[in-house]
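Undergrad: Sending over upload_29.csv (CSV, C-alpha atoms and all ligand atoms).
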```
chain,number,residue,atom,x,y,z
A,1,ARG,CA,-8.9,-10.5,-18.6
A,2,GLN,CA,-11.1,-7.5,-19.6
A,3,ILE,CA,-10.6,-5.9,-16.2
A,4,GLN,CA,-6.9,-6.4,-16.6
A,5,ASP,CA,-6.8,-4.8,-20.1
A,6,GLU,CA,-8.9,-1.8,-19.0
A,7,LEU,CA,-6.8,-1.3,-15.9
A,8,ARG,CA,-3.6,-1.4,-18.0
A,9,SER,CA,-4.8,1.2,-20.5
A,10,LEU,CA,-6.9,3.6,-18.4
A,11,ASP,CA,-5.9,7.1,-17.3
A,12,PRO,CA,-6.6,7.0,-13.5
A,13,ASP,CA,-7.5,10.7,-13.4
A,14,GLU,CA,-10.4,10.0,-15.8
A,15,GLN,CA,-11.8,6.8,-14.4
A,16,PHE,CA,-10.9,6.7,-10.7
A,17,HIS,CA,-12.2,8.7,-7.9
A,18,LEU,CA,-12.0,8.5,-4.1
A,19,VAL,CA,-14.7,8.4,-1.5
A,20,TYR,CA,-14.1,8.9,2.2
A,21,MET,CA,-15.5,7.2,5.2
A,22,PRO,CA,-15.3,9.1,8.6
A,23,ILE,CA,-13.9,7.3,11.7
A,24,VAL,CA,-15.3,8.6,15.0
A,25,ASP,CA,-14.4,8.2,18.7
A,26,THR,CA,-16.7,7.3,21.6
A,27,ASP,CA,-17.9,11.0,21.7
A,28,GLY,CA,-18.8,10.9,18.0
A,29,ARG,CA,-15.9,13.2,17.1
A,30,VAL,CA,-14.3,12.6,13.7
A,31,THR,CA,-10.7,11.5,14.2
A,32,GLY,CA,-10.0,10.5,10.7
A,33,CYS,CA,-11.2,9.4,7.3
A,34,GLU,CA,-10.5,6.3,5.2
A,35,ALA,CA,-10.0,6.8,1.5
A,36,LEU,CA,-11.7,4.2,-0.6
A,37,LEU,CA,-11.2,3.8,-4.3
A,38,ARG,CA,-14.0,3.8,-6.9
A,39,TRP,CA,-13.7,3.0,-10.6
A,40,TYR,CA,-16.1,3.9,-13.2
A,41,SER,CA,-15.1,2.3,-16.6
A,42,PRO,CA,-17.0,3.5,-19.7
A,43,VAL,CA,-16.6,-0.1,-21.0
A,44,LEU,CA,-17.3,-2.1,-17.8
A,45,GLY,CA,-19.4,0.3,-15.7
A,46,ASN,CA,-18.7,0.4,-12.0
A,47,VAL,CA,-16.1,-2.1,-10.9
A,48,THR,CA,-15.6,-2.6,-7.2
A,49,PRO,CA,-12.2,-2.9,-5.5
A,50,ASP,CA,-13.1,-6.4,-4.4
A,51,GLU,CA,-13.2,-7.3,-8.1
A,52,PHE,CA,-10.3,-5.4,-9.4
A,53,VAL,CA,-7.7,-5.2,-6.6
A,54,PRO,CA,-7.0,-8.9,-6.7
A,55,ILE,CA,-6.6,-8.8,-10.5
A,56,ALA,CA,-4.3,-5.7,-10.2
A,57,GLU,CA,-2.2,-7.6,-7.7
A,58,SER,CA,-1.9,-10.7,-9.8
A,59,SER,CA,-1.0,-8.8,-12.9
A,60,GLY,CA,1.4,-6.3,-11.5
A,61,LEU,CA,-0.9,-3.3,-12.0
A,62,PHE,CA,-1.3,-2.5,-8.3
A,63,THR,CA,1.5,0.2,-8.3
A,64,LYS,CA,-0.4,2.2,-10.9
A,65,ILE,CA,-3.4,2.1,-8.7
A,66,ASP,CA,-1.8,2.6,-5.3
A,67,TRP,CA,0.4,5.5,-6.4
A,68,TRP,CA,-2.6,7.3,-7.8
A,69,VAL,CA,-4.6,6.7,-4.6
A,70,ILE,CA,-1.7,7.8,-2.4
A,71,ASN,CA,-1.2,11.1,-4.3
A,72,GLN,CA,-4.9,11.9,-4.7
A,73,ALA,CA,-5.8,11.2,-1.1
A,74,MET,CA,-3.0,13.3,0.1
A,75,SER,CA,-4.0,16.2,-2.2
A,76,ASP,CA,-7.5,15.9,-0.6
A,77,CYS,CA,-6.1,15.9,2.9
A,78,ARG,CA,-6.0,19.6,3.4
A,79,GLN,CA,-9.8,19.8,2.8
A,80,LEU,CA,-10.4,16.9,5.3
A,81,LYS,CA,-8.4,18.8,7.9
A,82,ALA,CA,-10.4,22.0,7.1
A,83,LEU,CA,-13.6,20.0,7.8
A,84,PHE,CA,-12.6,18.0,10.8
A,85,GLY,CA,-9.6,19.8,12.3
A,86,PRO,CA,-5.8,19.8,11.9
A,87,ASP,CA,-5.3,16.5,13.7
A,88,THR,CA,-7.5,14.5,11.3
A,89,ILE,CA,-5.9,11.3,10.2
A,90,LEU,CA,-6.0,10.1,6.6
A,91,ALA,CA,-6.1,6.3,6.3
A,92,ILE,CA,-5.0,4.9,2.9
A,93,ASN,CA,-5.3,1.2,1.9
A,94,ILE,CA,-2.2,-0.2,0.4
A,95,SER,CA,-2.0,-3.5,-1.6
A,96,SER,CA,0.1,-6.0,0.3
A,97,ALA,CA,2.1,-6.5,-2.9
A,98,GLU,CA,3.0,-2.8,-2.9
A,99,LEU,CA,4.7,-3.1,0.4
A,100,HIS,CA,7.2,-5.5,-1.2
A,101,SER,CA,8.3,-2.8,-3.7
A,102,LYS,CA,11.4,-0.9,-3.0
A,103,ALA,CA,10.3,2.6,-4.0
A,104,ILE,CA,7.2,2.8,-1.7
A,105,ALA,CA,8.7,4.5,1.3
A,106,ASP,CA,10.3,7.2,-0.8
A,107,TYR,CA,7.0,7.7,-2.7
A,108,PHE,CA,5.2,8.3,0.6
A,109,SER,CA,7.8,10.9,1.6
A,110,ASP,CA,7.7,12.6,-1.8
A,111,CYS,CA,3.9,12.9,-1.6
A,112,ILE,CA,3.7,14.3,1.9
A,113,ASN,CA,6.3,16.9,0.9
A,114,ARG,CA,4.4,17.8,-2.3
A,115,HIS,CA,1.2,18.3,-0.4
A,116,GLY,CA,2.7,19.9,2.7
A,117,LEU,CA,1.6,17.2,5.2
A,118,GLN,CA,3.2,15.6,8.2
A,119,PRO,CA,3.7,11.8,8.2
A,120,GLN,CA,1.8,11.6,11.5
A,121,SER,CA,-1.4,12.6,9.6
A,122,ILE,CA,-1.1,9.5,7.4
A,123,GLU,CA,-2.1,6.0,8.4
A,124,ILE,CA,-1.2,3.2,6.1
A,125,GLU,CA,-3.8,0.3,6.2
A,126,LEU,CA,-2.3,-3.1,5.5
A,127,THR,CA,-4.7,-5.9,5.0
A,128,GLU,CA,-3.9,-8.7,7.4
A,129,THR,CA,-3.0,-11.2,4.7
A,130,PHE,CA,0.1,-9.1,3.9
A,131,ALA,CA,2.4,-11.0,6.3
A,132,VAL,CA,1.6,-14.3,4.5
A,133,LYS,CA,4.1,-13.4,1.9
A,134,PHE,CA,6.8,-12.1,4.2
A,135,SER,CA,10.0,-10.7,2.8
A,136,ASP,CA,13.0,-8.8,4.0
A,137,GLN,CA,12.1,-5.9,1.7
A,138,LEU,CA,8.6,-5.8,3.3
A,139,ARG,CA,10.1,-5.7,6.8
A,140,ARG,CA,12.5,-2.9,5.7
A,141,ASN,CA,9.7,-0.9,4.2
A,142,ILE,CA,7.6,-1.1,7.3
A,143,ASP,CA,10.5,-0.1,9.5
A,144,GLU,CA,11.4,2.8,7.2
A,145,LEU,CA,7.9,4.1,7.0
A,146,ARG,CA,7.5,3.9,10.8
A,147,GLN,CA,10.8,5.6,11.3
A,148,LYS,CA,9.7,8.4,9.1
A,149,GLY,CA,6.6,8.8,11.3
A,150,PHE,CA,3.9,7.3,9.2
A,151,ARG,CA,1.2,5.5,11.1
A,152,LEU,CA,0.4,1.8,10.5
A,153,SER,CA,-2.9,0.1,10.8
A,154,ILE,CA,-3.7,-3.6,10.4
A,155,ASP,CA,-7.0,-3.9,8.5
A,156,ASP,CA,-9.6,-6.6,8.5
A,157,PHE,CA,-8.3,-8.0,11.8
A,158,GLY,CA,-10.0,-11.3,12.6
A,159,ALA,CA,-10.8,-12.2,9.0
A,160,GLY,CA,-8.2,-14.9,8.6
A,161,TYR,CA,-4.5,-14.7,9.1
A,162,THR,CA,-3.6,-12.1,11.6
A,163,SER,CA,-2.4,-13.2,14.9
A,164,VAL,CA,-2.0,-11.3,18.1
A,165,GLN,CA,1.7,-11.8,17.5
A,166,GLN,CA,1.6,-9.6,14.4
A,167,ILE,CA,0.2,-6.7,16.3
A,168,ILE,CA,3.2,-6.9,18.6
A,169,GLU,CA,5.7,-7.6,15.9
A,170,TYR,CA,4.7,-4.8,13.6
A,171,THR,CA,4.0,-2.3,16.4
A,172,ALA,CA,1.0,-1.1,14.6
A,173,ASP,CA,-0.8,2.1,15.8
A,174,THR,CA,-4.2,0.7,15.1
A,175,ILE,CA,-6.0,-2.5,14.3
A,176,LYS,CA,-9.3,-2.6,12.5
A,177,LEU,CA,-11.7,-5.3,13.5
A,178,ASP,CA,-13.1,-6.9,10.5
A,179,ARG,CA,-16.8,-6.3,9.6
A,180,ALA,CA,-17.6,-10.0,9.7
A,181,LEU,CA,-16.2,-10.3,13.2
A,182,VAL,CA,-18.2,-7.3,14.3
A,183,SER,CA,-21.4,-8.8,12.8
A,184,ASN,CA,-20.7,-12.2,14.6
A,185,LEU,CA,-20.3,-10.3,17.8
A,186,THR,CA,-23.9,-9.4,18.1
A,187,ALA,CA,-25.0,-13.0,17.3
A,188,SER,CA,-22.6,-14.8,19.6
A,189,GLN,CA,-21.3,-14.7,23.2
A,190,SER,CA,-17.9,-13.5,22.2
A,191,LEU,CA,-17.9,-10.2,24.0
A,192,PRO,CA,-15.5,-11.4,26.8
A,193,VAL,CA,-13.0,-12.6,24.2
A,194,LEU,CA,-13.2,-9.3,22.3
A,195,ARG,CA,-12.8,-7.4,25.6
A,196,ALA,CA,-9.7,-9.4,26.4
A,197,LEU,CA,-8.3,-8.8,22.9
A,198,ILE,CA,-8.9,-5.1,23.1
A,199,ALA,CA,-7.3,-4.9,26.5
A,200,LEU,CA,-4.2,-6.6,25.0
A,201,CYS,CA,-4.1,-4.0,22.2
A,202,HIS,CA,-4.3,-1.2,24.7
A,203,ALA,CA,-1.5,-2.7,26.8
A,204,LYS,CA,0.5,-2.5,23.6
A,205,ASP,CA,-0.7,1.1,22.9
A,206,VAL,CA,-2.6,-0.1,19.9
A,207,ALA,CA,-6.0,1.6,19.2
A,208,VAL,CA,-8.9,-0.5,18.1
A,209,VAL,CA,-11.3,0.5,15.3
A,210,GLY,CA,-14.6,-1.4,14.9
A,211,GLU,CA,-15.5,-1.7,11.3
A,212,GLY,CA,-19.0,-2.3,9.8
A,213,VAL,CA,-20.8,-0.4,12.5
A,214,ASP,CA,-24.2,-0.3,10.9
A,215,THR,CA,-26.6,-0.6,13.9
A,216,PRO,CA,-26.8,1.1,17.3
A,217,GLU,CA,-26.5,-2.4,18.8
A,218,LYS,CA,-23.1,-3.0,17.2
A,219,LEU,CA,-22.0,0.4,18.4
A,220,SER,CA,-23.0,-0.3,22.0
A,221,MET,CA,-21.5,-3.8,22.0
A,222,LEU,CA,-18.2,-2.5,20.7
A,223,THR,CA,-18.2,0.4,23.1
A,224,ALA,CA,-18.8,-2.1,26.0
A,225,ALA,CA,-15.9,-4.2,24.8
A,226,GLY,CA,-13.6,-1.1,25.0
A,227,CYS,CA,-13.3,-0.3,21.3
A,228,ASP,CA,-11.8,3.2,20.7
A,229,LEU,CA,-13.0,4.2,17.3
A,230,PHE,CA,-15.9,3.3,15.0
A,231,GLN,CA,-16.5,3.2,11.3
A,232,GLY,CA,-19.6,2.1,9.4
A,233,TYR,CA,-22.9,3.0,7.7
A,234,LEU,CA,-24.4,4.0,11.1
A,235,ILE,CA,-21.9,6.9,11.1
A,236,SER,CA,-21.7,7.4,7.4
A,237,LYS,CA,-21.4,5.6,4.1
A,238,PRO,CA,-18.3,6.4,2.0
A,239,LEU,CA,-18.9,9.9,0.6
A,240,PRO,CA,-17.2,12.0,-2.1
A,241,LEU,CA,-15.4,15.0,-0.6
A,242,GLU,CA,-18.1,17.4,-1.5
A,243,ASP,CA,-20.8,15.4,0.3
A,244,LEU,CA,-18.6,14.9,3.3
A,245,GLY,CA,-18.8,18.7,3.9
A,246,ILE,CA,-22.6,18.5,3.8
A,247,TRP,CA,-22.5,15.5,6.2
A,248,ALA,CA,-20.2,17.4,8.6
A,249,LEU,CA,-22.6,20.4,8.6
A,250,THR,CA,-25.9,18.5,9.0
A,251,ARG,CA,-25.0,15.7,11.5
A,252,THR,CA,-26.7,15.9,14.8
B,301,LIG,O1,-14.7,0.2,-0.5
B,301,LIG,P1,-15.1,-1.3,-0.6
B,301,LIG,O2,-15.8,-2.0,0.5
B,301,LIG,O3,-15.6,-1.7,-1.9
B,301,LIG,O4,-13.6,-2.0,-0.5
B,301,LIG,C1,-13.4,-3.3,-0.7
B,301,LIG,C2,-12.0,-3.7,-0.4
B,301,LIG,O5,-11.1,-3.0,-1.4
B,301,LIG,C3,-11.5,-3.3,0.9
B,301,LIG,O6,-11.0,-4.5,1.6
B,301,LIG,C4,-10.5,-2.3,0.7
B,301,LIG,O7,-9.4,-2.4,1.7
B,301,LIG,C5,-10.1,-2.4,-0.7
B,301,LIG,N1,-9.8,-1.1,-1.2
B,301,LIG,C6,-10.6,0.0,-1.2
B,301,LIG,N2,-10.0,1.1,-1.7
B,301,LIG,C7,-8.7,0.7,-1.9
B,301,LIG,C8,-7.6,1.4,-2.4
B,301,LIG,O8,-7.6,2.6,-2.6
B,301,LIG,N3,-6.4,0.7,-2.5
B,301,LIG,C9,-6.3,-0.6,-2.2
B,301,LIG,N4,-5.2,-1.2,-2.4
B,301,LIG,N5,-7.4,-1.3,-1.8
B,301,LIG,C10,-8.6,-0.7,-1.6
B,302,LIG,O1,-11.5,-3.8,4.2
B,302,LIG,P1,-11.8,-2.4,4.3
B,302,LIG,O2,-12.0,-2.0,5.7
B,302,LIG,O3,-10.8,-1.5,3.7
B,302,LIG,O4,-13.1,-2.2,3.6
B,302,LIG,C1,-13.9,-1.0,3.7
B,302,LIG,C2,-15.1,-1.3,3.0
B,302,LIG,O5,-16.1,-1.8,3.9
B,302,LIG,C3,-15.7,0.0,2.4
B,302,LIG,O6,-15.8,-0.2,1.0
B,302,LIG,C4,-17.1,0.1,2.9
B,302,LIG,O7,-18.0,0.3,1.8
B,302,LIG,C5,-17.4,-1.2,3.6
B,302,LIG,N1,-18.1,-0.9,4.8
B,302,LIG,C6,-17.7,-0.1,5.8
B,302,LIG,N2,-18.6,0.0,6.8
B,302,LIG,C7,-19.6,-0.8,6.4
B,302,LIG,C8,-20.9,-1.1,7.0
B,302,LIG,O8,-21.3,-0.6,8.1
B,302,LIG,N3,-21.7,-2.0,6.3
B,302,LIG,C9,-21.4,-2.5,5.1
B,302,LIG,N4,-22.2,-3.3,4.5
B,302,LIG,N5,-20.2,-2.2,4.5
B,302,LIG,C10,-19.3,-1.4,5.1
B,303,MN,MN,-9.4,-0.5,4.9
B,304,NA,NA,-9.1,-3.9,3.6
```
Output the structure of this file as C-alpha cells.
TA:
Amino acid sequence: RQIQDELRSLDPDEQFHLVYMPIVDTDGRVTGCEALLRWYSPVLGNVTPDEFVPIAESSGLFTKIDWWVINQAMSDCRQLKALFGPDTILAINISSAELHSKAIADYFSDCINRHGLQPQSIEIELTETFAVKFSDQLRRNIDELRQKGFRLSIDDFGAGYTSVQQIIEYTADTIKLDRALVSNLTASQSLPVLRALIALCHAKDVAVVGEGVDTPEKLSMLTAAGCDLFQGYLISKPLPLEDLGIWALTRT
C-alpha cells in the first residue's frame, strides 16, 4: 500500500537511479551491461526491485517505471560505449506487463532516435514468466521490436516457466541462465544436461549468458558447459556509471 502510494506520487528523476552490471565473454572482454533500477525513497528508504516491481505490475504503475528506465539507460549508453567500445550492448529489463501495452515499440524507437542509438545496441530482457499471460498484442510487440532490429533476451531461464519451445518460438538472441540454476550446477551432476541445452541454443543461434557468477568454480563450470557470456559478482557488482569507469580502468 505504502510502496504503491509512494510509487504513484514520486518524481522518478529524484528517487530512481540506475546501476550497471558488466557482461563479459570467455576472454573477459565486456560485451554489454545490464541496467538495474535502484529506488531510494525519503519515506521508505531503499526499496529493492524485487519488492516494488510486482507491486508496480499489479497496480498499473509499471509504465511509469519502465519508461523512465528505458530513457535513462539509453541516455547513459553513449558513456557505456565510450568505456567498452562502440559494439557494447545495453540490456534493459522490461516488465512483462509492459510488453502487452500498445505504445511500447514506438517508445523504444523514439528513445533510440532521441539518443542517437542503433536498435542493435539495445537488448530487451524479458523475464520468462512473460509468456504465461500470452496475448496477441504481446506477440505483435515482440515481432515489431524484432523487425526494428532490437535484440531480445529471455531472462531468468530455468527459474520456472520457460521451455525450450519458447527460445525457438520467440527467436531470442540470448537466454540468461537463472542464478539459482547456476548455483545448483556446482552442487549437482547436471553439467551434461546444461551442455546439451547450450548446444541446442547454439544450434538456434541463441547466445547463453550465465548469471550469478560469483565464484571461479561457477565460471569454470559454465565455461566447460559451453556458456558464451558471464555476469555476476565475480566480474562486478552492479555499479553506478561513475564507478564503472573506475572498474574499467583498474581491472586486471
Ligand atoms: O537488481 P536486483 O537483483 O535487485 O533485481 C531484482 C529483480 O528486479 C530482477 O529480476 C530484475 O530483473 C528486476 N529489475 C531490476 N531492474 C529493473 C528495471 O529497471 N525494470 C524492471 N522491470 N525490472 C527490473
Ligand atoms: O533477474 P535479473 O537477472 O534481472 O536480476 C539481476 C539481479 O541479480 C541483480 O540485481 C543483481 O544484483 C543480482 N545478481 C547478479 N549477479 C549476482 C551474483 O553473482 N550474486 C548475487 N547474489 N546476486 C547477483
Ligand atoms: Mn535481467
Ligand atoms: Na529478471
Undergrad: Please report as JSON lines every residue of chain A lying within 7 Å of ligand NA 304 (chain B), along with the nearest atom pair and their distance in Å (one decimal), using only C-alpha atoms and all ligand atoms.
TA:
```
{"residue": "A:Asn93", "atom": "CA", "partner": "B:NA304", "partner_atom": "NA", "distance": 6.6}
{"residue": "A:Thr127", "atom": "CA", "partner": "B:NA304", "partner_atom": "NA", "distance": 5.0}
{"residue": "A:Asp155", "atom": "CA", "partner": "B:NA304", "partner_atom": "NA", "distance": 5.3}
{"residue": "A:Asp156", "atom": "CA", "partner": "B:NA304", "partner_atom": "NA", "distance": 5.6}
```
Undergrad: Could you list the protein, DNA and RNA residues that have any atom within 6 Å of ligand LIG 301 (chain B), counting only C-alpha atoms and all ligand atoms, and write them as a list of chain:residue names?
TA: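 The residues near ligand LIG 301 (chain B) are A:Leu36, A:Leu37, A:Thr48, A:Pro49, A:Asp50, A:Asp66, A:Val69, A:Asn93, A:Ile94, A:Ser95.
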Undergrad: Could you list, as a VMD selection string, all protein and nucleic acid residues with an atom at most 12 Å from ligand MN 303 (chain B), counting all atoms listed in the file?
TA: chain A and resid 20 to 23 33 to 37 49 to 50 90 to 96 123 to 128 152 to 157 174 to 179 209 to 212 231 to 232 238
Undergrad: Based on the selection just made, write C-alpha atoms of those residues as a JSON list (two decimals), in the coordinates of the input.
TA:
```json
[["chain", "number", "residue", "atom", "x", "y", "z"],
["A", 20, "TYR", "CA", -14.10, 8.90, 2.20],
["A", 21, "MET", "CA", -15.50, 7.20, 5.20],
["A", 22, "PRO", "CA", -15.30, 9.10, 8.60],
["A", 23, "ILE", "CA", -13.90, 7.30, 11.70],
["A", 33, "CYS", "CA", -11.20, 9.40, 7.30],
["A", 34, "GLU", "CA", -10.50, 6.30, 5.20],
["A", 35, "ALA", "CA", -10.00, 6.80, 1.50],
["A", 36, "LEU", "CA", -11.70, 4.20, -0.60],
["A", 37, "LEU", "CA", -11.20, 3.80, -4.30],
["A", 49, "PRO", "CA", -12.20, -2.90, -5.50],
["A", 50, "ASP", "CA", -13.10, -6.40, -4.40],
["A", 90, "LEU", "CA", -6.00, 10.10, 6.60],
["A", 91, "ALA", "CA", -6.10, 6.30, 6.30],
["A", 92, "ILE", "CA", -5.00, 4.90, 2.90],
["A", 93, "ASN", "CA", -5.30, 1.20, 1.90],
["A", 94, "ILE", "CA", -2.20, -0.20, 0.40],
["A", 95, "SER", "CA", -2.00, -3.50, -1.60],
["A", 96, "SER", "CA", 0.10, -6.00, 0.30],
["A", 123, "GLU", "CA", -2.10, 6.00, 8.40],
["A", 124, "ILE", "CA", -1.20, 3.20, 6.10],
["A", 125, "GLU", "CA", -3.80, 0.30, 6.20],
["A", 126, "LEU", "CA", -2.30, -3.10, 5.50],
["A", 127, "THR", "CA", -4.70, -5.90, 5.00],
["A", 128, "GLU", "CA", -3.90, -8.70, 7.40],
["A", 152, "LEU", "CA", 0.40, 1.80, 10.50],
["A", 153, "SER", "CA", -2.90, 0.10, 10.80],
["A", 154, "ILE", "CA", -3.70, -3.60, 10.40],
["A", 155, "ASP", "CA", -7.00, -3.90, 8.50],
["A", 156, "ASP", "CA", -9.60, -6.60, 8.50],
["A", 157, "PHE", "CA", -8.30, -8.00, 11.80],
["A", 174, "THR", "CA", -4.20, 0.70, 15.10],
["A", 175, "ILE", "CA", -6.00, -2.50, 14.30],
["A", 176, "LYS", "CA", -9.30, -2.60, 12.50],
["A", 177, "LEU", "CA", -11.70, -5.30, 13.50],
["A", 178, "ASP", "CA", -13.10, -6.90, 10.50],
["A", 179, "ARG", "CA", -16.80, -6.30, 9.60],
["A", 209, "VAL", "CA", -11.30, 0.50, 15.30],
["A", 210, "GLY", "CA", -14.60, -1.40, 14.90],
["A", 211, "GLU", "CA", -15.50, -1.70, 11.30],
["A", 212, "GLY", "CA", -19.00, -2.30, 9.80],
["A", 231, "GLN", "CA", -16.50, 3.20, 11.30],
["A", 232, "GLY", "CA", -19.60, 2.10, 9.40],
["A", 238, "PRO", "CA", -18.30, 6.40, 2.00]]
```
Undergrad: Report as a ChimeraX atom specification all protein, DNA and RNA residues lying within 8 Å of Asn141 in chain A, evaluated on all atoms listed in the file, omitting residues in the same chain fewer than 2 positions from it.
TA: /A:99-100,102,104-105,137-139,143-145
Undergrad: Name the closest residue to ligand LIG 302 (chain B) among the candidates A:Lys237, A:Arg251, A:Arg195, A:His115; distances are taken between atoms, counting all atoms listed in the file.
TA: A:Lys237
Undergrad: So, with all atoms listed in the file as the atoms that count, which of A:Leu44, A:Leu241, A:Ile89, A:Ala203 lies closest to Gln72 in chain A?
TA: A:Leu241
Undergrad: Quick one: residues within 9 Å of range 215-230 of chain A, all atoms listed in the file counted, chain neighbours fewer than 2 positions away excluded, as JSON, numbers by chain?
TA: {"A": [22, 23, 24, 25, 26, 28, 31, 182, 183, 185, 186, 191, 192, 193, 194, 195, 196, 198, 199, 207, 208, 209, 210, 211, 212, 213, 232, 233, 234, 235]}
Undergrad: Which one is closest to Leu61 in chain A: A:Asp243, A:Asp173, A:Glu14, A:Glu98? Count only C-alpha atoms.
TA: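 Closest to Leu61 in chain A, using only C-alpha atoms: A:Glu98.
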Undergrad: Which of these, A:Ala180, A:Leu197, A:Leu239, A:Val30, has the shortest distance to Phe84 in chain A once you count all atoms listed in the file?
TA: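 Of the candidates, the smallest distance to Phe84 in chain A is held by A:Val30.
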Undergrad: Interatomic distance between CA of Lys81 in chain A and atom N4 of ligand LIG 302 (chain B)?
TA: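 Atom N4 of ligand LIG 302 (chain B) lies 26.3 Å from CA of Lys81 in chain A.
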Undergrad: Ranking A:Asp76, A:Glu51, A:Asp87, A:Asp11 by minimum distance to Lys64 in chain A and counting all atoms listed in the file, which one comes first?
TA: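 Distance minimum relative to Lys64 in chain A lands on A:Asp11.
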Undergrad: Quick one: everything within 10 Å of Leu117 in chain A, counting all atoms listed in the file, minus sequence neighbours fewer than 3 positions away in the same chain. Send it as a PyMOL selection string.
TA: chain A and resi 74-75+77-78+109+111-114+120-122
Undergrad: Could you work out how far CA of Leu80 in chain A lies from CA of Pro240 in chain A, giving the answer in Å with one decimal?
TA: 11.2 Å
